[in-house]
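Asks: Here you go, one structure.
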Amino acid sequence: MAAAEALNARDKIGVQDFVLLEDYKSEDAFVDNLRKRFKENLIYTYIGPVLVSVNPYKDLGLYTRDLCIQYRGINFYELPPHVFAISDTAYRSMKSQRQDQCVLISGESGAGKTEASKQILRYLATVSTDSVEVTRIKDRLLQSNPVLEAFGNAKTVRNDNSSRFGKYMDIQFDFKGAPVGGHILNYLLEKSRVIKQARGERNFHVFYQVLLGKDTALLERLKLSGNIVDYGYTVKTLNHREESDALFTLNDAQDFKDVKSGLKVLGFTQEEVDQLFNVVGAILHLGNVEFVSEKDQAKVKDSNSIGIVAELLGTTLDALTKALTHKTIEARGERVTSPLKVEEATYVRDATAKAVYERMFSWLVGRINTSLEFKGRVPTNVMGLLDIYGFEVFGNNSFEQFCINYCNEKLQQIFIELTLKSEQEEYLREGIEWEQIEYFNNKIILDLIDDKQKGIMSCLDEECLRPGDVSDASFLSKMTTLVGGHAHFTCHELADSELRKTLGREEFRMKHYAGDVTYSTSGFIDKNNDLLFRDVKEAMSESNNVVMSSMFTKTELQSKKRPSTAATQFRVSLAKLAEILMSKEPSYVRCVKPNARKATGLMEGELVKHQVKYLGLMENLRVRRAGFAYRREFEVFLKRYKCVCPATWPDWSGHVRDGVVELARHLAWEQDSFRIGKTKVFIRHPSMLFKLEEVLEARKQELATQIQALYKMHRAKTNFLRMRVAVTMLASHWRRVCAQREKERRKKATVSIRRFIKGFMTRMGAANEYNTKFQRYVRYRWISDLPKQLPKTVLVKEWPPCPPLLKNTSQILRDMHLKWMVRRYCKGITPERKAFMELKVKASEVFRGKKQNYSQSIPQIFNNSYLDPRVTSTVAERVKATLGADENVFFSLPAVKYDRHGYKGRPRVLACTRKTLVMLVPGKFEVKESYPLSSLSAMAISSLSDGFVIFRVEAAPGAKARGDLLMSVDNLIELCIKLADAKNDLASININSDATMVHHLPGDKQGTIRFSQGPQPSYAKVGKEFHVVASQ
C-alpha cells in the first residue's frame, strides 16, 4: 500500500477525473487540465469510466510489473488514472458477472493507440492465473504483437510505429479468469504502401528488418544485398526524405530478432518461416523487375530479378514472365491472350506485389489464429481489444484515407450509441429526470458515405461495375450529381470562387466529425476494383511454396463470380465489427496526440482542442455530470446483492422492484444518490457502488463461514456415525483375531520349550529331531560371538574355546584367521618399512651370535641420519657440490677418526653415498677425505660391544697406499650393514674375536689394535699400541 499512497501523493495536479472539473462546460478548462497534468508527466485522466490518454512520446516507466500488481483487484478510483485500471475493471467484470467485455481504443494516428492495446494485453497476461498451458497461450498472445507490427505497421510522418491495418483481438478466458485462446480480425491493410510511400515515410517494417537485420544466412538465401538502396520498393523512401536519419530511428535488427522469436513461440514451423520470408524477399526483388518496349510490347529487361522472384515464390520463370507481360481474356468460352504495354506490365507488377503482400498478411493472421485457437469444450468469456487506425488527414488523401476515416466515423457512431445517445434514451425510457445534452450525431455523415442508394461507396461500386469507359473523373462527376446537395460534401465544380482555390478538379471535400478532409479521386477506381489478372493467379496457384499455395488456391480460379469491391468488403467487415462491439460491455480509452511533431513535453492547444471536440469528450463529460455511473436491471441487481439484506435473503417472494427498494432502504441510501426506474436501478456515484461491493464481499465471507460451519457439522456427524459402526465391527473382529493369535503363540511356545529341553538333554549325542535345532543354535551362537573374541595381532596365540561339536571347525577357522592376519600384516608393510626389515634381516645374518651388542641393536630403528636436520641438508648439498650432483647421501652420522700413527682422535661427519664414503669437518662441513666404496675391501670389527671399525683401504693401481682407515661410531652395526648393502657384499664385514688386530700403515708398515673389556668404554694409545676398551 505504500506504493499506492506514493502514487496518490504525486497525482495532485489538476483533477484526476474531469467529472470533478469546476467549469466542466468549458473546452479551455478541459484542455488546460490536460496541459497541467501533461507537464507533470500525468498522461492519464478519467471522464467517469472513460480513460483519456495523452501520448508523452517518451518512456515514463508507467508499465512495470509492480504497477500491474498494485492495480490488480483495486477499486477503480482507489489509485490514480491508468490504463491498468481500465483493464482491471473490465477483467474483473468479466470474471464476476460472466459478461463479455471489450476495450475500444480510439484517437488520431500517433496518439498512442497501439501502445495502449499492448499494455492492456500485457496487464491481462500478468494478473491472470497461471499454468503451463496458460503460460503458453499468454506468450503467444504477447508475441503476436511484434509479428503483426512487423508486417502491418510502418513509420509515418505522425507515428514511428503506425498501424496500417485495423486489428480486433478477442481473448478467451476460462471460468478461473485464465486466458485459454484468442482470435484476431484484421481490416483494410494499406497495401498500396508496398509500392509507394508518401514523403518522409517508410514501407512496412518487415522489409527493413529483413534487409538490416544482419542475418547473413537469410540474406544469402533470399539473394538480397542488405542495402535498401538496391530495391525499388524501399529506395523511394530515400528519394523522398529530407533528413536521412529521421527515417531510421528504429532498431530494425533487434526488432527482427523479436519477430523471429515471436514466430517460434507462435508455433510456426521452420518451413513456414522460411517460405514466409521467401515471399518478403520475392516482393523486394519484384520491385526491381523492369520492362522495355519491343514492337510496342512489354518485355522483361533483365531476367535475373524475375528469375529470383520465381524461385522464391516457387513458380516457374516462364509462367511468371507470361503473367506479368500478357493478359488472358475469356469471351464466349474462348481464351484470348494479348501482350501488355510497358505501362500496363508495370501496373500488373505493382498489383501483383500488393496482392501477394495482402494475401500473405491475411495468411499470417490466419496462422496466428490457428496457434491461438481454443480447442476445449468449456464455456468461455471474451474480452475484445480494438486497435484500429485513427483519423487521418494528409497532404494527399486517397482511397485508403477515405476508408480509414469512414471506419472512424463508424466507431464514433458506436461511441455515440453506447455512451451519449443510448444513455439519454435510457434515462427517458426509464422515466428518470434528465437534462437533455446536445451532441453532434454523425449519422448524417455515415449516410453520405454508406447509404445503399445515394452513398459515395454505392456510387463508387456502380461506377466500377459499369461497362464502358470508366475513370476517376467519371466517378467524381457521377458522385457530384448524386450527393452534390449534401451539406457535408463539396467539390471543385460546386464550390464558390474562394473555395475553388483550395480544391483541385479531381478532388472533393467532406466535413467529417473530426474536421474537413480533401480527397483526391486519383486511383479510387483501381483501388476499389482491386483486380488481379487471371494469368497472375494461375501462375501463383502452381507454386510449391506452402504460403503461396495457401494464398492462391485453385478453387479460386474455378469461380466465375466477380470479386466484391474493396469498399464493399470493408463496409461489410465494419458492419460485423459493429455487431461484435455492440454485443459486449464496452470500456473506452480515448487517445490524444499532444503535438504534430512527435516532440516530448510539448502540447499544442489548438490541436488538442480539435481532438477533444471530434472525440466527443465534452459531450461525454456533460452526460457523465448529469447522469448516473451505474445501472442494472432489477433482476440482475437483486440476484447479485440480495444477500446483503436480511429481508431479501435467501429468496425474495415479492416483485423484483420492491426487492430493490427494500435493499436500498436497508443500505440507507440517500434519495438523491440513486433512482429507481421502470426496469433498472440507477446509482449516481461510483463510490456508492464500491461501498456496496465491499459490503457484498464482507457478506460473502460471512455466508461462506456459515455454509462452511453447517457443512462441517454435517460432515463431522456423518463421519462420526459411520466411524462408530465401523469401530464396533472392527473391535469385534480384532478381538477374535487377537484371541486366535494368542492361542497359536502359546501353542508354538510350548512346543518350542519342550523340543529345547529334549535337545539339551541329548545335546552330546548323535543328531536327532530334538537336538538338531539346539546344536544349530549352539553353532550359531558360537559363530556369532567368535568375531568379538578373535586375536587382534599375530603375536597373540590365544584362541576362544569352542563346544565339542565344533572342534574341527574351530581349528580350521583358527588356521584361516592366522593366515589372514599374517597376510594383512604383510600387505600393510610400506616399501620403506620393507627395506628396513630387509636390512634388519641382513644384520641378523651377519652379527647374530658374533657381536656382543647385537641384541641391543635389534629394537633400534635404522635412520637415514643421526645429525640435526639442517646439518643433514647442508652435508648433502656440500657432498653434491664436491663430488657431483649424482652423489646422493643416504646415511650420515657423527664419527671419530683416529690418526694411523699417533692415534689422535679427530671429530668428523661421516656421509655415505652409493659410491663413496665421505668425511667432513664439523662446523665448516668441508670435505676432508673421500673413499670410493669399491676401495674399501673389508670392514674389520671386534666381537665385543665396542664401536670401533677398521676400513681396509686398497690403493688404486699405480697409486701409493694410504693405509687403513680407523674410526669409532655409535651406530656401528647400522653403518657396517648399510655400507655392505650398498656394496652388495655382506662378506666384507669381518668380525674378529681375537684380542688384537693389525692395521696397515703407509710404507707397508703395521700397527696393533688391542681389544679388551672394562667397566667403562675407552679409546687410548698405550705405548705403540692403540687400546680399545669395550663395556662389559
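The way I read the labels, and the way they are meant: chains A, B, ... in the order of the C-alpha cells, residue 1 as the first residue of every chain, and ligand 1 as the first ligand shown, with later ones counted on from there.
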Quick one: everything within 8 Å of Val180 of chain A, counting only C-alpha atoms, minus sequence neighbours fewer than 3 positions away in the same chain. Send it as a list in words.

Replies: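 The filter keeps Glu133, Val134, Ile137, Ile171, Gln172, Phe173, Asp174 and Phe374 of chain A.
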
Asks: The selected residues should be written to file as a PDB file, in the first residue's frame (atoms: all heavy atoms).

Replies:
ATOM      1  N   GLU A 133      -0.097 -24.581 -19.649  1.00  0.00           N
ATOM      2  CA  GLU A 133      -0.837 -24.302 -20.881  1.00  0.00           C
ATOM      3  C   GLU A 133      -1.207 -22.833 -20.965  1.00  0.00           C
ATOM      4  O   GLU A 133      -1.126 -22.216 -22.022  1.00  0.00           O
ATOM      5  CB  GLU A 133      -2.101 -25.177 -20.920  1.00  0.00           C
ATOM      6  CG  GLU A 133      -2.970 -24.964 -22.160  1.00  0.00           C
ATOM      7  CD  GLU A 133      -2.253 -25.322 -23.466  1.00  0.00           C
ATOM      8  OE1 GLU A 133      -1.266 -26.087 -23.406  1.00  0.00           O
ATOM      9  OE2 GLU A 133      -2.665 -24.823 -24.516  1.00  0.00           O
ATOM     10  N   VAL A 134      -1.611 -22.250 -19.821  1.00  0.00           N
ATOM     11  CA  VAL A 134      -1.982 -20.828 -19.810  1.00  0.00           C
ATOM     12  C   VAL A 134      -0.770 -19.967 -20.136  1.00  0.00           C
ATOM     13  O   VAL A 134      -0.870 -18.989 -20.888  1.00  0.00           O
ATOM     14  CB  VAL A 134      -2.582 -20.449 -18.433  1.00  0.00           C
ATOM     15  CG1 VAL A 134      -2.719 -18.944 -18.309  1.00  0.00           C
ATOM     16  CG2 VAL A 134      -3.934 -21.117 -18.253  1.00  0.00           C
ATOM     17  N   ILE A 137      -0.263 -19.907 -23.837  1.00  0.00           N
ATOM     18  CA  ILE A 137      -1.202 -19.016 -24.523  1.00  0.00           C
ATOM     19  C   ILE A 137      -0.830 -17.560 -24.283  1.00  0.00           C
ATOM     20  O   ILE A 137      -0.865 -16.728 -25.197  1.00  0.00           O
ATOM     21  CB  ILE A 137      -2.646 -19.305 -24.057  1.00  0.00           C
ATOM     22  CG1 ILE A 137      -3.090 -20.693 -24.532  1.00  0.00           C
ATOM     23  CG2 ILE A 137      -3.607 -18.246 -24.581  1.00  0.00           C
ATOM     24  CD1 ILE A 137      -3.150 -20.848 -26.029  1.00  0.00           C
ATOM     25  N   ILE A 171      -9.842 -12.202 -26.761  1.00  0.00           N
ATOM     26  CA  ILE A 171      -9.098 -13.079 -25.856  1.00  0.00           C
ATOM     27  C   ILE A 171     -10.117 -13.887 -25.065  1.00  0.00           C
ATOM     28  O   ILE A 171     -10.996 -13.325 -24.413  1.00  0.00           O
ATOM     29  CB  ILE A 171      -8.200 -12.277 -24.904  1.00  0.00           C
ATOM     30  CG1 ILE A 171      -7.349 -11.282 -25.681  1.00  0.00           C
ATOM     31  CG2 ILE A 171      -7.328 -13.202 -24.076  1.00  0.00           C
ATOM     32  CD1 ILE A 171      -6.633 -10.293 -24.812  1.00  0.00           C
ATOM     33  N   GLN A 172      -9.987 -15.209 -25.127  1.00  0.00           N
ATOM     34  CA  GLN A 172     -10.922 -16.088 -24.437  1.00  0.00           C
ATOM     35  C   GLN A 172     -10.363 -16.454 -23.061  1.00  0.00           C
ATOM     36  O   GLN A 172      -9.186 -16.785 -22.917  1.00  0.00           O
ATOM     37  CB  GLN A 172     -11.142 -17.366 -25.251  1.00  0.00           C
ATOM     38  CG  GLN A 172     -11.838 -17.122 -26.590  1.00  0.00           C
ATOM     39  CD  GLN A 172     -11.841 -18.368 -27.452  1.00  0.00           C
ATOM     40  OE1 GLN A 172     -10.826 -18.746 -28.010  1.00  0.00           O
ATOM     41  NE2 GLN A 172     -12.991 -19.006 -27.551  1.00  0.00           N
ATOM     42  N   PHE A 173     -11.248 -16.385 -22.041  1.00  0.00           N
ATOM     43  CA  PHE A 173     -10.869 -16.720 -20.668  1.00  0.00           C
ATOM     44  C   PHE A 173     -11.766 -17.835 -20.151  1.00  0.00           C
ATOM     45  O   PHE A 173     -12.968 -17.876 -20.464  1.00  0.00           O
ATOM     46  CB  PHE A 173     -11.026 -15.499 -19.750  1.00  0.00           C
ATOM     47  CG  PHE A 173     -10.073 -14.370 -20.071  1.00  0.00           C
ATOM     48  CD1 PHE A 173     -10.383 -13.437 -21.053  1.00  0.00           C
ATOM     49  CD2 PHE A 173      -8.886 -14.242 -19.396  1.00  0.00           C
ATOM     50  CE1 PHE A 173      -9.517 -12.392 -21.336  1.00  0.00           C
ATOM     51  CE2 PHE A 173      -8.004 -13.199 -19.677  1.00  0.00           C
ATOM     52  CZ  PHE A 173      -8.328 -12.288 -20.651  1.00  0.00           C
ATOM     53  N   ASP A 174     -11.177 -18.717 -19.338  1.00  0.00           N
ATOM     54  CA  ASP A 174     -11.999 -19.755 -18.715  1.00  0.00           C
ATOM     55  C   ASP A 174     -12.652 -19.198 -17.450  1.00  0.00           C
ATOM     56  O   ASP A 174     -12.499 -18.009 -17.118  1.00  0.00           O
ATOM     57  CB  ASP A 174     -11.175 -21.006 -18.417  1.00  0.00           C
ATOM     58  CG  ASP A 174     -10.039 -20.750 -17.434  1.00  0.00           C
ATOM     59  OD1 ASP A 174     -10.024 -19.672 -16.802  1.00  0.00           O
ATOM     60  OD2 ASP A 174      -9.171 -21.615 -17.294  1.00  0.00           O
ATOM     61  N   PHE A 374      -8.711 -21.968 -29.216  1.00  0.00           N
ATOM     62  CA  PHE A 374      -9.091 -22.728 -28.027  1.00  0.00           C
ATOM     63  C   PHE A 374      -9.882 -23.949 -28.470  1.00  0.00           C
ATOM     64  O   PHE A 374     -10.931 -23.833 -29.094  1.00  0.00           O
ATOM     65  CB  PHE A 374      -9.931 -21.865 -27.088  1.00  0.00           C
ATOM     66  CG  PHE A 374     -10.474 -22.612 -25.901  1.00  0.00           C
ATOM     67  CD1 PHE A 374      -9.616 -23.223 -25.007  1.00  0.00           C
ATOM     68  CD2 PHE A 374     -11.838 -22.710 -25.692  1.00  0.00           C
ATOM     69  CE1 PHE A 374     -10.105 -23.912 -23.911  1.00  0.00           C
ATOM     70  CE2 PHE A 374     -12.341 -23.395 -24.600  1.00  0.00           C
ATOM     71  CZ  PHE A 374     -11.473 -23.999 -23.702  1.00  0.00           C
TER      72      PHE A 374
END

Asks: Quick one: residues within 10 Å of Trp649 of chain A, only C-alpha atoms counted, chain neighbours fewer than 6 positions away excluded, as a ChimeraX atom specification?

Replies: /A:638-639,641-643

Asks: Calculated over only C-alpha atoms, which of the candidates A:Met919, A:Leu1001, A:Leu972, A:Ile676 has the smallest distance to Ile432 of chain A?

Replies: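 The answer is A:Ile676, which sits nearest to Ile432 of chain A.
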
Asks: Have a look at A:Tyr903, A:Leu867, A:Pro957, A:Pro791 and name the one nearest to Gly1023 of chain A; count only C-alpha atoms.

Replies: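 For Gly1023 of chain A, the nearest of the candidates is A:Tyr903.
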
Asks: Between atom CA of Phe508 of chain A and atom CA of Leu476 of chain A, what distance in Å does the model show, to one decimal?

Replies: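 Computing it gives 7.9 Å between the two atoms.
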
Asks: With only C-alpha atoms as the counted atoms, please give the residues lying no more than 8 Å from Pro146 of chain A, apart from itself and same-chain residues fewer than 2 positions off, as a list in words.

Replies: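 Everything that qualifies: Gln143, Ser144, Leu148, Glu149, Ala150, Asp255, Asp258, Val259 and Gly262 of chain A.
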
Asks: If we count only C-alpha atoms and set the cut-off at 8 Å, which residues sit around segment 267-280 of chain A, ignoring sequence neighbours fewer than 4 positions away in its own chain? Please answer as a ChimeraX atom specification.

Replies: /A:206-207,222,263,284,312-313,356-357,360,371,545-548

Asks: Output N, CA and C atoms for every residue in the selection just made, as a PDB file, in the first residue's frame.

Replies:
ATOM      1  N   VAL A 206       8.804  -4.867 -42.005  1.00  0.00           N
ATOM      2  CA  VAL A 206       9.449  -6.162 -42.245  1.00  0.00           C
ATOM      3  C   VAL A 206      10.490  -6.076 -43.361  1.00  0.00           C
ATOM      4  N   PHE A 207      10.274  -5.198 -44.339  1.00  0.00           N
ATOM      5  CA  PHE A 207      11.243  -5.088 -45.434  1.00  0.00           C
ATOM      6  C   PHE A 207      12.597  -4.590 -44.912  1.00  0.00           C
ATOM      7  N   LEU A 222      17.960 -15.490 -49.679  1.00  0.00           N
ATOM      8  CA  LEU A 222      16.994 -14.684 -50.433  1.00  0.00           C
ATOM      9  C   LEU A 222      17.653 -13.890 -51.557  1.00  0.00           C
ATOM     10  N   LEU A 263       7.699 -15.704 -33.951  1.00  0.00           N
ATOM     11  CA  LEU A 263       7.209 -16.762 -34.843  1.00  0.00           C
ATOM     12  C   LEU A 263       7.462 -18.134 -34.241  1.00  0.00           C
ATOM     13  N   LEU A 284      10.513  -7.770 -52.634  1.00  0.00           N
ATOM     14  CA  LEU A 284      11.613  -6.813 -52.807  1.00  0.00           C
ATOM     15  C   LEU A 284      12.246  -6.952 -54.192  1.00  0.00           C
ATOM     16  N   LEU A 312      11.838 -17.793 -55.504  1.00  0.00           N
ATOM     17  CA  LEU A 312      11.383 -17.596 -54.126  1.00  0.00           C
ATOM     18  C   LEU A 312       9.896 -17.870 -53.965  1.00  0.00           C
ATOM     19  N   LEU A 313       9.105 -17.565 -54.995  1.00  0.00           N
ATOM     20  CA  LEU A 313       7.670 -17.806 -54.915  1.00  0.00           C
ATOM     21  C   LEU A 313       7.316 -19.248 -55.243  1.00  0.00           C
ATOM     22  N   VAL A 356       0.030 -10.006 -53.421  1.00  0.00           N
ATOM     23  CA  VAL A 356       0.798 -11.049 -52.720  1.00  0.00           C
ATOM     24  C   VAL A 356       1.016 -10.635 -51.267  1.00  0.00           C
ATOM     25  N   TYR A 357       1.365  -9.362 -51.049  1.00  0.00           N
ATOM     26  CA  TYR A 357       1.606  -8.925 -49.675  1.00  0.00           C
ATOM     27  C   TYR A 357       0.322  -8.965 -48.850  1.00  0.00           C
ATOM     28  N   MET A 360      -0.505 -12.523 -48.127  1.00  0.00           N
ATOM     29  CA  MET A 360       0.450 -13.052 -47.161  1.00  0.00           C
ATOM     30  C   MET A 360       0.095 -12.595 -45.752  1.00  0.00           C
ATOM     31  N   SER A 371      -2.821 -20.843 -34.113  1.00  0.00           N
ATOM     32  CA  SER A 371      -1.956 -21.036 -32.949  1.00  0.00           C
ATOM     33  C   SER A 371      -2.675 -20.680 -31.651  1.00  0.00           C
ATOM     34  N   ASN A 545       5.472 -23.215 -52.925  1.00  0.00           N
ATOM     35  CA  ASN A 545       5.655 -22.527 -51.644  1.00  0.00           C
ATOM     36  C   ASN A 545       4.388 -22.722 -50.811  1.00  0.00           C
ATOM     37  N   VAL A 546       4.530 -23.262 -49.577  1.00  0.00           N
ATOM     38  CA  VAL A 546       3.350 -23.589 -48.767  1.00  0.00           C
ATOM     39  C   VAL A 546       2.523 -22.350 -48.458  1.00  0.00           C
ATOM     40  N   VAL A 547       3.175 -21.205 -48.300  1.00  0.00           N
ATOM     41  CA  VAL A 547       2.433 -19.971 -48.025  1.00  0.00           C
ATOM     42  C   VAL A 547       1.688 -19.517 -49.269  1.00  0.00           C
ATOM     43  N   MET A 548       2.362 -19.535 -50.416  1.00  0.00           N
ATOM     44  CA  MET A 548       1.731 -19.097 -51.655  1.00  0.00           C
ATOM     45  C   MET A 548       0.576 -20.010 -52.049  1.00  0.00           C
TER      46      MET A 548
END

Asks: Please run DSSP on the backbone and report, as an MDAnalysis selection string, all residues within segment 781-995 of chain A that come out as helix (DSSP H, G or I).

Replies: chainID A and resid 781:789 804:827 831:847 854:857 869:883 933:935 972:983 986:988

Asks: How would you write, as a ChimeraX atom specification, the set of residues in segment 103-263 of chain A that DSSP gives as strand (DSSP E or B)?

Replies: /A:103-107,153-154,162-163,166-173,179-187,204

Asks: Nearest residue to Asp23 of chain A out of A:Gly177, A:Met618, A:Glu40, A:Met997, using only C-alpha atoms?

Replies: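 Under the stated criterion, the closest residue is A:Met618.
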
Asks: Which residues are near Phe774 of chain A? Cut-off 9 Å, only C-alpha atoms, ignore same chain within fewer than 4 positions. Put them as a PyMOL selection string.

Replies: chain A and resi 755-756+759-760+763+770+778-779

Asks: Would you compute the distance between atom CA of Ser934 of chain A and atom CA of Met837 of chain A? Give it in Å to one decimal.

Replies: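 Separation between atom CA of Ser934 of chain A and atom CA of Met837 of chain A: 25.3 Å.
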
Asks: Near Leu667 of chain A, within 12 Å and counting only C-alpha atoms, which residues show up once chain neighbours fewer than 3 positions away are dropped, as a list in words?

Replies: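 Final neighbour list, sorted by chain and number: Tyr641, Lys642, Cys643, Val644, Cys645, Pro646, Ala647, Val660, Val661, Glu662, Leu663, Ala664, Glu670, Gln671, Ser673, Phe674, Met688, Leu689, Lys691, Leu692, Val695 and Leu696 of chain A.
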
Asks: Counting only C-alpha atoms, which residue out of A:Tyr1019, A:Tyr825, A:Phe30, A:Trp799 sits closest to Ile812 of chain A?

Replies: A:Trp799
